[in-house]
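Chemist: Quick one, structure.cif (mmCIF, C-alpha atoms):
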data_upload
#
loop_
_atom_site.group_PDB
_atom_site.id
_atom_site.type_symbol
_atom_site.label_atom_id
_atom_site.label_comp_id
_atom_site.auth_asym_id
_atom_site.auth_seq_id
_atom_site.Cartn_x
_atom_site.Cartn_y
_atom_site.Cartn_z
ATOM 1 C CA HIS A 162 26.264 5.633 12.942
ATOM 2 C CA GLY A 163 23.902 3.743 15.207
ATOM 3 C CA ARG A 164 20.942 5.514 16.869
ATOM 4 C CA VAL A 165 22.962 6.756 19.844
ATOM 5 C CA GLY A 166 25.832 7.829 17.601
ATOM 6 C CA ARG A 167 23.444 9.799 15.390
ATOM 7 C CA VAL A 168 22.094 11.678 18.419
ATOM 8 C CA LEU A 169 25.539 12.430 19.848
ATOM 9 C CA ASN A 170 27.541 12.977 16.658
ATOM 10 C CA ASP A 171 27.262 15.091 13.563
ATOM 11 C CA GLU A 172 26.270 13.276 10.370
ATOM 12 C CA THR A 173 28.145 15.453 7.898
ATOM 13 C CA THR A 174 26.813 13.900 4.708
ATOM 14 C CA LEU A 175 23.194 14.182 5.809
ATOM 15 C CA ASN A 176 23.692 17.743 7.042
ATOM 16 C CA VAL A 177 25.116 18.727 3.648
ATOM 17 C CA ILE A 178 22.209 17.060 1.840
ATOM 18 C CA ARG A 179 19.661 18.753 4.090
ATOM 19 C CA THR A 180 21.091 22.249 3.648
ATOM 20 C CA ALA A 181 22.709 22.368 0.208
ATOM 21 C CA PRO A 182 20.923 24.571 -2.341
ATOM 22 C CA CYS A 183 22.108 22.281 -5.143
ATOM 23 C CA PRO A 184 22.088 18.532 -5.894
ATOM 24 C CA VAL A 185 24.481 16.424 -3.826
ATOM 25 C CA PHE A 186 26.107 13.347 -5.360
ATOM 26 C CA GLY A 187 27.507 10.881 -2.830
ATOM 27 C CA VAL A 188 29.784 8.419 -4.607
ATOM 28 C CA THR A 189 30.790 4.970 -3.386
ATOM 29 C CA PRO A 190 34.377 3.824 -4.036
ATOM 30 C CA GLU A 191 33.076 1.198 -6.499
ATOM 31 C CA LEU A 192 31.760 3.829 -8.927
ATOM 32 C CA SER A 193 34.729 4.561 -11.196
ATOM 33 C CA GLN A 194 32.835 5.889 -14.229
ATOM 34 C CA LEU A 195 29.567 7.624 -15.060
ATOM 35 C CA PRO A 196 26.575 5.711 -13.683
ATOM 36 C CA GLY A 197 25.157 3.638 -16.544
ATOM 37 C CA ARG A 198 22.238 2.070 -14.636
ATOM 38 C CA VAL A 199 20.230 4.412 -12.438
ATOM 39 C CA LEU A 200 17.154 3.956 -10.270
ATOM 40 C CA VAL A 201 15.172 7.149 -9.608
ATOM 41 C CA ALA A 202 12.653 7.290 -6.782
ATOM 42 C CA VAL A 203 9.735 9.305 -8.118
ATOM 43 C CA ASP A 204 6.605 10.579 -6.434
ATOM 44 C CA PHE A 205 6.009 12.941 -9.375
ATOM 45 C CA SER A 206 6.841 16.018 -7.294
ATOM 46 C CA SER A 207 9.018 18.684 -8.863
ATOM 47 C CA ALA A 208 11.972 17.569 -6.703
ATOM 48 C CA SER A 209 11.726 13.932 -7.838
ATOM 49 C CA LEU A 210 11.383 14.916 -11.503
ATOM 50 C CA SER A 211 14.360 17.222 -11.091
ATOM 51 C CA ALA A 212 16.270 14.274 -9.604
ATOM 52 C CA ALA A 213 15.415 12.209 -12.696
ATOM 53 C CA SER A 214 16.577 14.991 -14.995
ATOM 54 C CA THR A 215 19.807 15.547 -13.045
ATOM 55 C CA ALA A 216 20.512 11.803 -12.963
ATOM 56 C CA ARG A 217 19.942 11.600 -16.727
ATOM 57 C CA SER A 218 22.482 14.382 -17.272
ATOM 58 C CA LEU A 219 25.134 12.350 -15.414
ATOM 59 C CA MET A 220 24.610 9.205 -17.498
ATOM 60 C CA PRO A 221 26.576 8.118 -20.557
ATOM 61 C CA GLN A 222 24.855 7.461 -23.867
ATOM 62 C CA HIS A 223 22.932 4.190 -23.957
ATOM 63 C CA GLY A 224 22.435 4.172 -20.190
ATOM 64 C CA ALA A 225 19.403 2.644 -18.482
ATOM 65 C CA LEU A 226 17.185 4.768 -16.256
ATOM 66 C CA THR A 227 14.396 3.215 -14.176
ATOM 67 C CA LEU A 228 11.705 5.402 -12.650
ATOM 68 C CA ALA A 229 10.314 3.743 -9.508
ATOM 69 C CA TYR A 230 7.105 4.819 -7.811
ATOM 70 C CA VAL A 231 6.177 3.304 -4.458
ATOM 71 C CA LEU A 232 2.421 3.006 -4.199
ATOM 72 C CA PRO A 233 1.526 4.195 -0.690
ATOM 73 C CA MET A 234 -0.514 2.042 1.658
ATOM 74 C CA VAL A 235 -2.686 5.080 2.418
ATOM 75 C CA MET A 236 -3.240 8.113 0.208
ATOM 76 C CA TYR A 237 -2.528 11.384 2.045
ATOM 77 C CA PRO A 238 -3.922 14.819 1.173
ATOM 78 C CA ALA A 239 -2.757 15.892 -2.292
ATOM 79 C CA ASP A 240 0.515 17.800 -2.456
ATOM 80 C CA ASP A 241 2.156 18.637 -5.751
ATOM 81 C CA GLY A 242 3.325 15.032 -6.353
ATOM 82 C CA GLU A 243 0.312 13.109 -5.118
ATOM 83 C CA GLY A 244 -1.915 15.653 -6.844
ATOM 84 C CA VAL A 245 -0.459 14.548 -10.183
ATOM 85 C CA ILE A 246 -1.192 10.923 -9.299
ATOM 86 C CA HIS A 247 -4.787 11.694 -8.359
ATOM 87 C CA SER A 248 -5.437 13.622 -11.570
ATOM 88 C CA LEU A 249 -3.427 11.616 -14.097
ATOM 89 C CA GLY A 250 -2.821 8.199 -12.648
ATOM 90 C CA VAL A 251 0.548 6.517 -12.214
ATOM 91 C CA GLN A 252 1.043 5.495 -15.848
ATOM 92 C CA ALA A 253 0.132 8.959 -17.106
ATOM 93 C CA GLY A 254 2.567 10.383 -14.539
ATOM 94 C CA PHE A 255 5.306 8.128 -15.942
ATOM 95 C CA GLU A 256 4.477 9.235 -19.500
ATOM 96 C CA ARG A 257 4.639 12.870 -18.473
ATOM 97 C CA ALA A 258 8.012 12.260 -16.789
ATOM 98 C CA ARG A 259 9.351 10.492 -19.893
ATOM 99 C CA HIS A 260 8.241 13.405 -22.054
ATOM 100 C CA GLU A 261 9.870 15.958 -19.733
ATOM 101 C CA LEU A 262 13.113 13.955 -19.656
ATOM 102 C CA GLY A 263 13.436 13.804 -23.456
ATOM 103 C CA CYS A 264 15.382 10.587 -23.064
ATOM 104 C CA GLY A 265 17.115 10.270 -26.436
ATOM 105 C CA GLU A 266 19.482 7.299 -26.397
ATOM 106 C CA ILE A 267 18.906 6.466 -22.731
ATOM 107 C CA SER A 268 16.369 3.720 -22.159
ATOM 108 C CA VAL A 269 13.695 4.517 -19.596
ATOM 109 C CA ASP A 270 11.799 1.799 -17.760
ATOM 110 C CA THR A 271 9.202 2.209 -15.057
ATOM 111 C CA VAL A 272 8.226 0.146 -12.051
ATOM 112 C CA VAL A 273 5.515 0.445 -9.425
ATOM 113 C CA LEU A 274 6.521 -0.993 -6.072
ATOM 114 C CA HIS A 275 3.848 -1.865 -3.536
ATOM 115 C CA HIS A 276 4.376 -0.591 -0.027
ATOM 116 C CA GLU A 277 3.894 -3.385 2.467
ATOM 117 C CA LEU A 278 3.183 -3.145 6.151
ATOM 118 C CA LYS A 279 6.359 -2.923 8.249
ATOM 119 C CA ARG A 280 8.619 -2.250 5.231
ATOM 120 C CA GLN A 281 10.134 1.154 4.675
ATOM 121 C CA VAL A 282 10.016 2.836 1.262
ATOM 122 C CA ALA A 283 13.820 2.979 1.164
ATOM 123 C CA GLU A 284 13.974 -0.766 1.816
ATOM 124 C CA LEU A 285 11.774 -1.409 -1.241
ATOM 125 C CA LEU A 286 13.915 0.921 -3.374
ATOM 126 C CA LEU A 287 17.149 -0.722 -2.206
ATOM 127 C CA GLU A 288 15.716 -4.155 -2.984
ATOM 128 C CA GLN A 289 14.807 -2.941 -6.494
ATOM 129 C CA ALA A 290 18.295 -1.455 -6.872
ATOM 130 C CA ASP A 291 19.752 -4.873 -6.035
ATOM 131 C CA THR A 292 17.462 -6.545 -8.587
ATOM 132 C CA LEU A 293 18.502 -4.099 -11.330
ATOM 133 C CA SER A 294 22.194 -3.956 -10.319
ATOM 134 C CA VAL A 295 22.198 -0.171 -10.514
ATOM 135 C CA ASP A 296 25.185 2.124 -10.142
ATOM 136 C CA MET A 297 23.268 4.953 -8.507
ATOM 137 C CA ILE A 298 19.971 5.805 -6.817
ATOM 138 C CA ALA A 299 18.541 9.300 -7.298
ATOM 139 C CA ALA A 300 15.810 10.965 -5.254
ATOM 140 C CA GLY A 301 14.309 14.349 -4.616
ATOM 141 C CA SER A 302 14.462 15.699 -1.087
ATOM 142 C CA ALA A 303 11.360 16.930 0.720
ATOM 143 C CA ARG A 304 13.361 18.889 3.319
ATOM 144 C CA LEU A 305 11.357 17.699 6.302
ATOM 145 C CA SER A 306 11.723 19.245 9.730
ATOM 146 C CA ARG A 307 13.607 17.285 12.375
ATOM 147 C CA VAL A 308 10.316 16.282 14.023
ATOM 148 C CA ASP A 309 8.774 15.178 10.702
ATOM 149 C CA ARG A 310 11.899 13.110 9.890
ATOM 150 C CA TRP A 311 11.665 11.506 13.326
ATOM 151 C CA MET A 312 7.937 10.758 13.024
ATOM 152 C CA LEU A 313 7.643 9.949 9.312
ATOM 153 C CA GLY A 314 11.172 8.930 8.421
ATOM 154 C CA SER A 315 13.149 10.128 5.431
ATOM 155 C CA VAL A 316 13.699 8.053 2.321
ATOM 156 C CA THR A 317 16.834 9.960 1.325
ATOM 157 C CA THR A 318 18.276 9.591 4.833
ATOM 158 C CA ASP A 319 17.692 5.833 4.736
ATOM 159 C CA LEU A 320 19.245 5.540 1.253
ATOM 160 C CA VAL A 321 22.357 7.438 2.320
ATOM 161 C CA ARG A 322 22.727 5.530 5.572
ATOM 162 C CA ASP A 323 22.565 2.216 3.713
ATOM 163 C CA GLY A 324 25.798 3.199 1.938
ATOM 164 C CA LYS A 325 25.724 0.439 -0.670
ATOM 165 C CA TYR A 326 24.925 2.666 -3.646
ATOM 166 C CA SER A 327 26.059 6.031 -4.906
ATOM 167 C CA VAL A 328 23.212 8.443 -4.184
ATOM 168 C CA LEU A 329 22.117 11.646 -5.915
ATOM 169 C CA VAL A 330 19.833 13.841 -3.800
ATOM 170 C CA VAL A 331 18.158 16.868 -5.373
ATOM 171 C CA PRO A 332 16.616 19.547 -3.143
ATOM 172 C CA PRO A 333 13.165 20.974 -3.768
ATOM 173 C CA ALA A 334 13.037 24.108 -5.923
ATOM 174 C CA GLY A 335 13.416 27.330 -3.953
#
Will you turn the file into structure tokens for me?
Modeler:
Amino acid sequence: HGRVGRVLNDETTLNVIRTAPCPVFGVTPELSQLPGRVLVAVDFSSASLSAASTARSLMPQHGALTLAYVLPMVMYPADDGEGVIHSLGVQAGFERARHELGCGEISVDTVVLHHELKRQVAELLLEQADTLSVDMIAAGSARLSRVDRWMLGSVTTDLVRDGKYSVLVVPPAG
């Protein structure tokens, strides 16, 4: 939907993602088997790490999982994800995530993307997804209010609206 259509019409997929108590997996018609190459947007929050774990559970043996962290232009007050970054650093955060995933036969790569002025986080993730030729993008949901989504934007909303990739969205715990 365009902007006017989004205001006037119901976006069923996004409403399900925003209210479901469980992960939601939106599948494109091109995905005919388990996703073998997956990009996971991580900010090291519990929701993003849960998204990585859920994505891993959907993958076949010998799949390739890439954890992508977008370095913010400005650091905001520490929440549970950014707090990990402040105390451990990005690479230590990746190592902790790898350890928690217990990857086994799935290869895990990491990438740090640099947020540029006038480029949305989702745009950077979609560009990386194109580069890696992934089957699916996974992300944790922050469950922002309508006003916060309007003012700050929503990465998961932008990923879903793009529609090019299958998307796994995992809600925050509780």
Chemist: Which polymer residues have any atom within 10 Å of an atom of Ser294 of chain A, counting all atoms listed in the file, with same-chain residues fewer than 2 positions away left out, as a list in words?
Modeler: Arg198, Val199, Leu200, Glu288, Gln289, Ala290, Asp291, Thr292, Asp296, Met297 and Tyr326 of chain A
Chemist: Okay, now the selection with C-alpha atoms, as a PDB file, in the coordinates of the input?
Modeler:
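Output file again_8.pdb is given in full below:
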ATOM      1  CA  ARG A 198      22.238   2.070 -14.636  1.00  0.00           C
ATOM      2  CA  VAL A 199      20.230   4.412 -12.438  1.00  0.00           C
ATOM      3  CA  LEU A 200      17.154   3.956 -10.270  1.00  0.00           C
ATOM      4  CA  GLU A 288      15.716  -4.155  -2.984  1.00  0.00           C
ATOM      5  CA  GLN A 289      14.807  -2.941  -6.494  1.00  0.00           C
ATOM      6  CA  ALA A 290      18.295  -1.455  -6.872  1.00  0.00           C
ATOM      7  CA  ASP A 291      19.752  -4.873  -6.035  1.00  0.00           C
ATOM      8  CA  THR A 292      17.462  -6.545  -8.587  1.00  0.00           C
ATOM      9  CA  ASP A 296      25.185   2.124 -10.142  1.00  0.00           C
ATOM     10  CA  MET A 297      23.268   4.953  -8.507  1.00  0.00           C
ATOM     11  CA  TYR A 326      24.925   2.666  -3.646  1.00  0.00           C
TER      12      TYR A 326
END
Chemist: Quick one: pull the distance between atom CA of Ala181 of chain A and atom CA of Pro332 of chain A, Å, one decimal.
Modeler: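 Here the two named atoms are 7.5 Å from each other.
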Chemist: For a test of reading the model, state the distance in Å between atom CA of Asn176 of chain A and atom CA of Glu277 of chain A, rounded to one decimal.
Modeler: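 The value is 29.3 Å.
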Chemist: Given the choices A:Ala202, A:Ala213, A:Ile267, A:Arg259, which gets closest to Glu284 of chain A if the distance is worked out from only C-alpha atoms?
Modeler: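 With only C-alpha atoms as the atom set, the closest residue is A:Ala202.
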Chemist: Can you measure atom CA of Lys325 of chain A to atom CA of Ser218 of chain A for me? One decimal in Å is fine.
Modeler: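 Result for atom CA of Lys325 of chain A versus atom CA of Ser218 of chain A: 21.9 Å, one decimal.
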Chemist: Extract, using only C-alpha atoms, all DNA, RNA and protein residues at most 9 Å from Ala303 of chain A, discarding same-chain residues fewer than 4 positions from it, and format them as a PyMOL selection string.
Modeler: chain A and resi 208+315+317+332-333
Chemist: Run the PyMOL selection byres ((chain A and resi 253-258) around 9) against the file shown and list the residues it catches, as a tab-separated table (two decimals) with C-alpha atoms, keeping the file's coordinate frame.
Modeler:
chain	number	residue	atom	x	y	z
A	205	PHE	CA	6.01	12.94	-9.38
A	210	LEU	CA	11.38	14.92	-11.50
A	213	ALA	CA	15.42	12.21	-12.70
A	228	LEU	CA	11.70	5.40	-12.65
A	230	TYR	CA	7.10	4.82	-7.81
A	245	VAL	CA	-0.46	14.55	-10.18
A	246	ILE	CA	-1.19	10.92	-9.30
A	249	LEU	CA	-3.43	11.62	-14.10
A	250	GLY	CA	-2.82	8.20	-12.65
A	251	VAL	CA	0.55	6.52	-12.21
A	252	GLN	CA	1.04	5.50	-15.85
A	259	ARG	CA	9.35	10.49	-19.89
A	260	HIS	CA	8.24	13.40	-22.05
A	261	GLU	CA	9.87	15.96	-19.73
A	262	LEU	CA	13.11	13.96	-19.66
A	263	GLY	CA	13.44	13.80	-23.46
A	271	THR	CA	9.20	2.21	-15.06
Chemist: Assuming 3 Å of padding per side, give the centre and edge lengths of the axis-aligned box around every listed atom of segment 276-282 of chain A, in Å to one decimal and as JSON.
Modeler:
{"center_x": 6.7, "center_y": -0.3, "center_z": 4.1, "size_x": 13.0, "size_y": 12.2, "size_z": 14.3}
Chemist: Using all atoms listed in the file, find the one residue out of A:Leu274, A:Ile178, A:Leu287, A:Met220 that sits nearest to Gln194 of chain A.
Modeler: A:Met220
Chemist: For a quick check of your reading of the model, name the residues lying within 12 Å of the coordinate (20.4, 4.1, 4.2), counting all atoms listed in the file, and write them as a ChimeraX atom specification.
Modeler: /A:162-163,174-175,281-288,298,314-328
Chemist: Step by step: locate segment 217-228 of chain A in the block above, keep all heavy atoms, then write the file as a compact mmCIF listing (two decimals), in the first residue's frame.
Modeler:
# COMPACT_ATOMS: atom_id res chain seq x y z
N ARG A 217 17.58 -19.96 13.01
CA ARG A 217 18.47 -21.12 12.98
C ARG A 217 17.67 -22.42 13.02
O ARG A 217 17.98 -23.37 12.33
CB ARG A 217 19.45 -21.06 14.16
CG ARG A 217 20.44 -22.19 14.15
CD ARG A 217 21.15 -22.28 15.50
NE ARG A 217 22.00 -23.43 15.59
CZ ARG A 217 21.57 -24.68 15.77
NH1 ARG A 217 20.28 -24.92 15.86
NH2 ARG A 217 22.42 -25.68 15.85
N SER A 218 16.60 -22.44 13.81
CA SER A 218 15.80 -23.66 13.93
C SER A 218 15.03 -23.99 12.65
O SER A 218 14.62 -25.13 12.46
CB SER A 218 14.83 -23.55 15.11
OG SER A 218 13.80 -22.63 14.84
N LEU A 219 14.85 -23.01 11.79
CA LEU A 219 14.15 -23.23 10.51
C LEU A 219 15.08 -23.67 9.39
O LEU A 219 14.62 -24.06 8.32
CB LEU A 219 13.44 -21.95 10.08
CG LEU A 219 12.29 -21.46 10.95
CD1 LEU A 219 11.80 -20.10 10.46
CD2 LEU A 219 11.16 -22.47 10.95
N MET A 220 16.39 -23.58 9.63
CA MET A 220 17.36 -23.82 8.56
C MET A 220 17.75 -25.30 8.44
O MET A 220 17.78 -26.02 9.44
CB MET A 220 18.62 -23.00 8.82
CG MET A 220 18.38 -21.50 8.80
SD MET A 220 19.83 -20.55 9.28
CE MET A 220 20.90 -20.90 7.87
N PRO A 221 18.06 -25.73 7.22
CA PRO A 221 18.57 -27.09 7.05
C PRO A 221 20.03 -27.17 7.52
O PRO A 221 20.68 -26.14 7.74
CB PRO A 221 18.48 -27.31 5.54
CG PRO A 221 18.65 -25.93 4.97
CD PRO A 221 17.98 -25.01 5.95
N GLN A 222 20.52 -28.39 7.66
CA GLN A 222 21.94 -28.55 7.98
C GLN A 222 22.77 -27.88 6.90
O GLN A 222 22.38 -27.82 5.75
CB GLN A 222 22.31 -30.03 8.04
CG GLN A 222 21.72 -30.75 9.21
CD GLN A 222 22.16 -32.20 9.26
OE1 GLN A 222 22.86 -32.68 8.38
NE2 GLN A 222 21.74 -32.89 10.30
N HIS A 223 23.92 -27.38 7.29
CA HIS A 223 24.88 -26.74 6.39
C HIS A 223 24.35 -25.43 5.80
O HIS A 223 24.79 -25.01 4.73
CB HIS A 223 25.32 -27.69 5.27
CG HIS A 223 25.81 -29.00 5.78
ND1 HIS A 223 26.96 -29.13 6.52
CD2 HIS A 223 25.28 -30.25 5.69
CE1 HIS A 223 27.13 -30.38 6.85
NE2 HIS A 223 26.13 -31.10 6.37
N GLY A 224 23.41 -24.80 6.49
CA GLY A 224 22.93 -23.50 6.06
C GLY A 224 23.94 -22.41 6.41
O GLY A 224 24.96 -22.66 7.06
N ALA A 225 23.66 -21.20 5.96
CA ALA A 225 24.54 -20.06 6.23
C ALA A 225 23.72 -18.94 6.88
O ALA A 225 22.77 -18.45 6.29
CB ALA A 225 25.18 -19.57 4.94
N LEU A 226 24.12 -18.58 8.09
CA LEU A 226 23.44 -17.55 8.85
C LEU A 226 24.38 -16.35 8.98
O LEU A 226 25.54 -16.52 9.34
CB LEU A 226 23.10 -18.10 10.25
CG LEU A 226 22.30 -17.25 11.20
CD1 LEU A 226 20.84 -17.22 10.76
CD2 LEU A 226 22.38 -17.84 12.61
N THR A 227 23.89 -15.16 8.66
CA THR A 227 24.70 -13.95 8.81
C THR A 227 24.01 -13.03 9.81
O THR A 227 22.84 -12.68 9.64
CB THR A 227 24.87 -13.22 7.46
OG1 THR A 227 25.52 -14.08 6.54
CG2 THR A 227 25.70 -11.95 7.64
N LEU A 228 24.75 -12.69 10.86
CA LEU A 228 24.26 -11.74 11.85
C LEU A 228 24.72 -10.35 11.43
O LEU A 228 25.91 -10.12 11.24
CB LEU A 228 24.84 -12.07 13.23
CG LEU A 228 24.59 -13.49 13.75
CD1 LEU A 228 25.31 -13.69 15.08
CD2 LEU A 228 23.10 -13.77 13.88
